[in-house]
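Q: For reference, the structure I am asking about is given below.
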Amino acid sequence: MALLQEQDRQYLKEEFGKFSNDVKINLFTSKSGCTYCNDTNAILQEVSELSDKIKLNVYDVDENKEEASKFNVERTPAVILEAEKNFVIFYGIPAGYEFSSLIEDIIDIGSGNTNFGDELVNFAKSLDKNVNLKVFVTTSCPYCPRAVRTAHKLAMLTDKVRGEMIEAQEFPVLSNTYSVSAVPRVVINENTYFEGALPDAQYIDKIKEALA
Amino acid sequence: MDFSLGSLQESKELKDSYDLIILGGGPAGLTAAIYARRSGLSTLVVEPLITGGNIASTEKVDNWPGDTDGVSGEELANRFTKHAERFGTEFLYDDITEVNLSGNEKIIKSGNKSIKSKAVIIATGTHPRSINVPGEKEYKGHGISYCATCDAPFFKGKDIVVIGAGNSAIEESLYLLNFVKSITFIQDLPYITAEKILADEIQKKENVKFYFEHLVKEFKGDGNKLTSVIFEDRKTGETKEIKTEGCFVYIGLIPNTNLYKGQIELDKYGYVIANEDTITSTSGVFAAGDVRVKNLRQIVTAVSDGAVAAYEAKKYIDKLNGGN
């Protein structure tokens with residue numbers, strides 16, 4: 001049974017039809033202990049079939065160590081979208097509210113859009129240190145996509161930023177390590193974090209605080 | 001697994017000015033947009049987070065007429081949004097940083113954008129009230145939560161506490177019971193304030209317990225996570241402690257009106273003063289939905305306000321343009 005609704009399928013076909021760039025999606029799966037690898041593969045297959053510009057590659061993480069190490073894949077399923085300068089990561093299935101994050105990322109990359117507002121653009125330019133952003137989410141959290149998208153937009157703007165969405169329920173040990181009990185939680189460079197969907201300016205302030 | 005595409009959160013190219021700017025994309029704002037577009041007004045909705053407002057984080061809406069079996073808040077929010085989009089409403093997903101509501105030209109600032117309009121509808125809704133007791137700030141996000149749909153999975157199999165027993169508290173608790181082992185309610189009043197149908201349903205559950213006429217005094221933790229809630233019997237003054245790792249707070253709402261202070265009349269709680277006609281103290285500014293002074297804050301009353309506000313805004317703009 002198709003996962004995408006017909007109305008959404010038509011809408012996406014139209015949006016993807018405007019793409020000037022190819023969108024390379026790499027899905028890393030594993031044969032054992034990956035509850036949502038098959039579902040993630042299924043939805044990505046459907047999405048990629050909507051446009052010739054979307055190129056989906058599926059890798060078994062154990063059989064394609066070289067590819068996996070290129071993106072430093074740490075868990076599965078991992079969905080990696082390659083942008084012009086960098087890449088963005090979804091650990092866990094981009095379902096529910098996070099499906100919109102996935103689609104918006106694809107549209108930005110496909111249309112070459114990096115017009116993310118002066119605040120993010122200038123901050124990305126000014127960055128001289130590496131920033132790791134882990135955004136813990138649940139798929140039923142309406143506030144989470146905003147926190148994910150800010151991390152992903154920064155990652156699209158500069159290779160100094162690694163932006164990871166992490167679906168908290170699929171990775172309970174990791175979530176426990178970071179004591180996640182409310183989402184969105186954004187962990188910056190492993191050492192500081194904040195909760196909630198903050199506006200870009202405040203999000204940037206938190207990163208600056210973490211780097212100071 | 002749900003892969004329905006809600007509203008995409010990105011704005012297309014925006015104009016510098018519109019007939020009408022609607023602040024807030026909840027049920028009131030989206031309905032106002034539908035009516036405004038149908039009457040020919042160029043319309044921009046500015047929404048800082050996600051369209052649908054509070055219903056986007058409501059598991060199930062059971063009192064929306066026509067949806068006889070109930071409808072998920074997410075689905076209803078998507079439908080409202082798509083409906084407003086169908087008539088050509090434009091959307092800006094960003095924070096509103098500054099407003100100037102005086103005069104015939106209203107100015108809304110959002111990030112680095114400044115957009116003008118002839119009329120403004122304030123439909124910015126409410127956010128959950130904090131309880132303001134020691135430990136709340138420290139353990140917010142470390143056991144204390146305000147969003148059941150977001151955070152319920154973290155409390156699987158746990159004995160949790162819910163503070164409050166109004167509509168939100170009971171509705172969200174019925175959802176939480178799909179995950180948690182038990183819920184202990186702490187309520188300041190001597191009874192459940194939620195609708196009778198909800199009160200009946202929750203009281204049928206075996207794994208719930210109520211402390212009526214009790215006040216929460218403190219949240220305690222181990223420095224990392226919440227470990228207990230301290231509360232007091234209002235009648236006897238006796239202090240009690242309940243061990244828990246999770247506490248959801250539903251003790252009421254605060255209107256999102258900070259930005260408008262001094263520019264329109266607000267009541268002492270911060271709600272915008274406007275009658276059923278949604279007309280505020282400032283000409284060309286209308287207030288719709290939960291943000292307005294009213295007795296019943298529901299989706300149906302919000303959408304009703306939205307329609308009226310769009311109608312009044314259209315009348316105001318026609319007059320401004322020299323019509324009747």
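Numbering starts fresh at 1 for the residues of each chain in the structure tokens, the chains themselves are lettered A, B, ... in the order given, and ligands are numbered from 1 as they appear.
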List every residue of chain B that has an atom at most 10 Å from any atom of chain A, giving for each one its closest atom pair and the distance in Å to one decimal, counting only C-alpha atoms, sorted by chain and then by ascending residue number, as a tab-separated table.

A:
```
residue	atom	partner	partner_atom	distance
B:Met1	CA	A:Ala95	CA	6.4
B:Asp2	CA	A:Gly96	CA	5.0
B:Phe3	CA	A:Ala95	CA	5.6
B:Ser4	CA	A:Gln5	CA	6.5
B:Leu5	CA	A:Ser100	CA	6.1
B:Gly6	CA	A:Ser100	CA	6.8
B:Ser7	CA	A:Ser100	CA	7.7
B:Leu8	CA	A:Ser100	CA	6.2
B:Gln9	CA	A:Glu104	CA	7.8
B:Glu10	CA	A:Glu104	CA	7.7
B:Pro48	CA	A:Pro199	CA	8.1
B:Leu49	CA	A:Tyr143	CA	6.6
B:Ile50	CA	A:Pro142	CA	6.9
B:Thr51	CA	A:Pro142	CA	9.3
B:Gly52	CA	A:Pro142	CA	9.6
B:Gly53	CA	A:Pro142	CA	9.5
B:Asn54	CA	A:Pro142	CA	9.6
B:Ile55	CA	A:Pro142	CA	9.8
B:Ala56	CA	A:Pro142	CA	6.3
B:Ser57	CA	A:Pro142	CA	6.2
B:Thr58	CA	A:Pro142	CA	9.7
B:Glu59	CA	A:Ser140	CA	8.9
B:Glu74	CA	A:Pro142	CA	8.3
B:Tyr93	CA	A:Arg146	CA	9.7
B:Asp94	CA	A:Pro199	CA	7.6
B:Asp95	CA	A:Pro199	CA	6.7
B:Gly111	CA	A:Gly117	CA	8.1
B:Asn112	CA	A:Asp118	CA	7.5
B:Lys113	CA	A:Gly117	CA	9.5
B:Lys140	CA	A:Ala182	CA	8.3
B:Gly141	CA	A:Ala182	CA	4.8
B:His142	CA	A:Ser181	CA	5.7
B:Gly143	CA	A:Ser181	CA	6.2
B:Ile144	CA	A:Ala182	CA	8.2
B:Ser145	CA	A:Ala182	CA	6.6
B:Tyr146	CA	A:Ala182	CA	9.0
B:Cys147	CA	A:Cys141	CA	8.3
B:Ala148	CA	A:Cys141	CA	9.0
B:Thr149	CA	A:Ser140	CA	5.9
B:Cys150	CA	A:Cys141	CA	4.2
B:Asp151	CA	A:Ala182	CA	5.2
B:Ala152	CA	A:Ala182	CA	8.7
B:Pro153	CA	A:Gln169	CA	7.2
B:Phe154	CA	A:Ser181	CA	5.5
B:Phe155	CA	A:Ser181	CA	7.9
B:Asn224	CA	A:Ser179	CA	8.0
B:Lys225	CA	A:Ser179	CA	8.0
B:Glu245	CA	A:Ser181	CA	9.7
B:Gly246	CA	A:Ser181	CA	8.7
```

Q: Residues at most 12 Å from Ile131 in chain B, counting only C-alpha atoms, excluding those fewer than 3 positions away in the same chain, as a list in words?

A: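 In the requested format, the answer is Pro128, Pro134, Gly135, Glu136, Lys137, Lys140, Ile144, Ser145, Tyr146, Ile163, Gly164, Asp188, Leu215, Val216, Lys217, Glu218, Phe219, Cys247, Phe248, Val249, Tyr250, Ile251, Gly252, Leu253 and Ile254 of chain B.
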
Q: From a DSSP pass on the backbone, collect the residues of range 190-229 of chain B flagged as strand (DSSP E) and hand them back as a list in words.

A: Val208, Lys209, Phe210, Tyr211, His214, Leu215, Val216, Lys217, Glu218, Phe219, Lys220, Gly221, Leu226, Thr227, Ser228 and Val229 of chain B

Q: Tell me, as JSON, numbers by chain, which residues lie within 12 Å of Glu74 in chain A, counting only C-alpha atoms; anything in the same chain fewer than 2 positions away does not count.

A: {"A": [28, 29, 30, 61, 62, 65, 68, 69, 70, 71, 72, 76, 77, 78, 79, 80, 89, 90, 91, 92, 164, 166, 171, 174]}

Q: Please produce an output containing N, CA and C atoms for each residue in the selection, written as a short mmCIF file (atom, residue, chain, number, x, y, z; two decimals), in the first residue's frame.

A:
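Output saved as selection.cif:
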```
data_model
loop_
_atom_site.label_atom_id
_atom_site.label_comp_id
_atom_site.auth_asym_id
_atom_site.auth_seq_id
_atom_site.Cartn_x
_atom_site.Cartn_y
_atom_site.Cartn_z
N PHE A 28 21.34 4.52 5.00
CA PHE A 28 22.15 3.46 5.58
C PHE A 28 21.27 2.59 6.47
N THR A 29 21.28 1.30 6.19
CA THR A 29 20.45 0.36 6.95
C THR A 29 21.35 -0.71 7.57
N SER A 30 20.75 -1.53 8.42
CA SER A 30 21.49 -2.69 8.92
C SER A 30 20.52 -3.85 9.06
N VAL A 61 25.06 -0.84 6.17
CA VAL A 61 26.15 -0.15 6.85
C VAL A 61 27.36 -1.06 7.08
N ASP A 62 27.09 -2.36 7.24
CA ASP A 62 28.20 -3.29 7.49
C ASP A 62 28.92 -3.68 6.21
N LYS A 65 31.32 -0.06 4.43
CA LYS A 65 31.97 0.70 5.52
C LYS A 65 32.60 2.00 5.02
N ALA A 68 29.88 4.58 4.61
CA ALA A 68 29.39 4.97 5.94
C ALA A 68 30.39 5.87 6.66
N SER A 69 31.67 5.58 6.49
CA SER A 69 32.66 6.38 7.21
C SER A 69 32.79 7.77 6.60
N LYS A 70 32.44 7.88 5.33
CA LYS A 70 32.45 9.19 4.67
C LYS A 70 31.56 10.19 5.42
N PHE A 71 30.45 9.67 5.92
CA PHE A 71 29.50 10.53 6.63
C PHE A 71 29.54 10.28 8.14
N ASN A 72 30.46 9.44 8.55
CA ASN A 72 30.56 9.07 9.96
C ASN A 72 29.21 8.59 10.52
N THR A 76 21.60 3.29 12.68
CA THR A 76 20.68 3.11 11.55
C THR A 76 19.23 3.06 12.03
N PRO A 77 18.26 3.45 11.21
CA PRO A 77 18.48 3.97 9.87
C PRO A 77 19.07 5.37 9.91
N ALA A 78 19.96 5.64 8.95
CA ALA A 78 20.48 6.99 8.80
C ALA A 78 20.14 7.48 7.40
N VAL A 79 19.48 8.60 7.33
CA VAL A 79 19.17 9.21 6.03
C VAL A 79 20.07 10.43 5.90
N ILE A 80 20.89 10.41 4.85
CA ILE A 80 21.83 11.51 4.64
C ILE A 80 21.48 12.21 3.35
N ILE A 89 21.60 15.07 8.35
CA ILE A 89 21.37 13.69 8.81
C ILE A 89 20.04 13.53 9.53
N PHE A 90 19.35 12.45 9.23
CA PHE A 90 18.20 12.00 10.02
C PHE A 90 18.54 10.63 10.58
N TYR A 91 18.69 10.52 11.87
CA TYR A 91 18.83 9.21 12.49
C TYR A 91 17.44 8.78 12.97
N GLY A 92 16.93 7.69 12.43
CA GLY A 92 15.58 7.27 12.76
C GLY A 92 14.63 7.69 11.65
N GLU A 164 22.15 16.78 13.14
CA GLU A 164 21.55 15.45 13.21
C GLU A 164 20.16 15.51 13.85
N ILE A 166 17.55 13.19 15.66
CA ILE A 166 17.59 11.87 16.30
C ILE A 166 16.20 11.56 16.85
N PHE A 171 16.22 5.31 19.64
CA PHE A 171 17.56 5.19 20.22
C PHE A 171 17.51 5.49 21.71
N LEU A 174 20.84 6.07 23.69
CA LEU A 174 21.41 7.39 23.41
C LEU A 174 20.59 8.49 24.11
#
```

Q: Please list as a PyMOL selection string every residue within 9 Å of Thr97 in chain B, counting only C-alpha atoms and excluding residues in the same chain fewer than 5 positions away.

A: chain B and resi 108-111+259

Q: Write out, as a short mmCIF file (atom, residue, chain, number, x, y, z; two decimals), in the first residue's frame, the residues just selected, with C-alpha atoms.

A:
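Full text of again33.cif as output:
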```cif
data_model
loop_
_atom_site.label_atom_id
_atom_site.label_comp_id
_atom_site.auth_asym_id
_atom_site.auth_seq_id
_atom_site.Cartn_x
_atom_site.Cartn_y
_atom_site.Cartn_z
CA ILE B 108 4.67 44.11 11.46
CA LYS B 109 8.32 43.22 11.91
CA SER B 110 9.42 39.64 11.71
CA GLY B 111 13.11 38.83 11.79
CA LEU B 259 3.97 42.49 22.03
#
```

Q: Could you tell me how far CA of Gly70 in chain B sits from CA of Phe179 in chain B, in Å to one decimal place?

A: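 Interatomic distance, CA of Phe179 in chain B to CA of Gly70 in chain B: 20.3 Å.
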
Q: I need the alpha helix (DSSP H) residues of range 104-146 of chain A per DSSP on the backbone, written as a list in words.

A: Glu104, Asp105, Ile106, Ile107, Asp108, Ile109, Gly110, Ser111, Asp118, Glu119, Leu120, Val121, Asn122, Phe123, Ala124, Lys125, Ser126, Cys144, Pro145 and Arg146 of chain A

Q: Output the selection as a CSV table (one decimal), in the first residue's frame - C-alpha atoms for each residue.

A:
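After the write, part16.csv holds the following:
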```csv
chain,number,residue,atom,x,y,z
A,104,GLU,CA,11.7,20.8,3.1
A,105,ASP,CA,15.3,19.8,3.2
A,106,ILE,CA,14.9,18.0,-0.2
A,107,ILE,CA,13.2,21.1,-1.6
A,108,ASP,CA,15.9,23.4,-0.4
A,109,ILE,CA,18.7,21.2,-1.9
A,110,GLY,CA,16.8,20.6,-5.1
A,111,SER,CA,16.0,24.2,-5.7
A,118,ASP,CA,20.5,37.0,7.5
A,119,GLU,CA,20.9,35.7,11.0
A,120,LEU,CA,21.7,32.1,10.0
A,121,VAL,CA,23.6,33.1,6.9
A,122,ASN,CA,25.9,35.5,8.7
A,123,PHE,CA,26.4,33.2,11.6
A,124,ALA,CA,27.3,30.3,9.4
A,125,LYS,CA,29.9,32.6,7.6
A,126,SER,CA,31.4,33.6,10.9
A,144,CYS,CA,10.3,19.7,16.8
A,145,PRO,CA,10.6,20.3,13.0
A,146,ARG,CA,11.6,23.9,13.6
```

Q: Compile the contact shell of Gly289 in chain B as number ranges by chain: residues with an atom at most 9 Å away, counting only C-alpha atoms, same-chain residues fewer than 6 positions apart removed.

A: B: 26-29, 122-125, 297-299, 301-306

Q: For the selection just defined, write its residues with N, CA and C atoms to a file, as a tab-separated table (two decimals), in the first residue's frame.

A:
```tsv
chain	number	residue	atom	x	y	z
B	26	GLY	N	-3.51	29.61	14.16
B	26	GLY	CA	-4.36	28.59	14.77
B	26	GLY	C	-5.73	28.60	14.09
B	27	PRO	N	-6.71	27.91	14.68
B	27	PRO	CA	-8.04	27.84	14.07
B	27	PRO	C	-8.65	29.22	13.79
B	28	ALA	N	-8.48	30.18	14.71
B	28	ALA	CA	-9.06	31.51	14.49
B	28	ALA	C	-8.38	32.21	13.32
B	29	GLY	N	-7.05	32.20	13.31
B	29	GLY	CA	-6.30	32.88	12.26
B	29	GLY	C	-6.55	32.27	10.89
B	122	ILE	N	-5.39	39.95	15.39
B	122	ILE	CA	-4.55	39.28	16.38
B	122	ILE	C	-5.21	37.95	16.76
B	123	ALA	N	-4.53	36.87	16.45
B	123	ALA	CA	-5.07	35.54	16.75
B	123	ALA	C	-3.93	34.68	17.29
B	124	THR	N	-3.19	35.26	18.23
B	124	THR	CA	-1.94	34.64	18.69
B	124	THR	C	-2.15	33.63	19.81
B	125	GLY	N	-3.39	33.45	20.26
B	125	GLY	CA	-3.68	32.35	21.17
B	125	GLY	C	-3.01	32.47	22.54
B	297	ARG	N	-13.24	28.95	25.59
B	297	ARG	CA	-12.16	28.86	24.60
B	297	ARG	C	-12.16	27.47	23.99
B	298	GLN	N	-12.70	27.38	22.80
B	298	GLN	CA	-12.84	26.11	22.09
B	298	GLN	C	-12.54	26.36	20.61
B	299	ILE	N	-12.32	25.28	19.85
B	299	ILE	CA	-12.05	25.46	18.41
B	299	ILE	C	-13.25	26.11	17.73
B	301	THR	N	-15.45	28.15	18.94
B	301	THR	CA	-15.60	29.58	19.22
B	301	THR	C	-14.46	30.36	18.55
B	302	ALA	N	-13.32	29.74	18.40
B	302	ALA	CA	-12.19	30.40	17.72
B	302	ALA	C	-12.49	30.61	16.24
B	303	VAL	N	-13.01	29.57	15.59
B	303	VAL	CA	-13.28	29.71	14.14
B	303	VAL	C	-14.40	30.72	13.91
B	304	SER	N	-15.35	30.76	14.85
B	304	SER	CA	-16.42	31.74	14.76
B	304	SER	C	-15.83	33.15	14.82
B	305	ASP	N	-14.96	33.38	15.77
B	305	ASP	CA	-14.28	34.68	15.87
B	305	ASP	C	-13.53	35.02	14.59
B	306	GLY	N	-12.87	34.02	14.02
B	306	GLY	CA	-12.07	34.24	12.82
B	306	GLY	C	-12.92	34.78	11.68
```
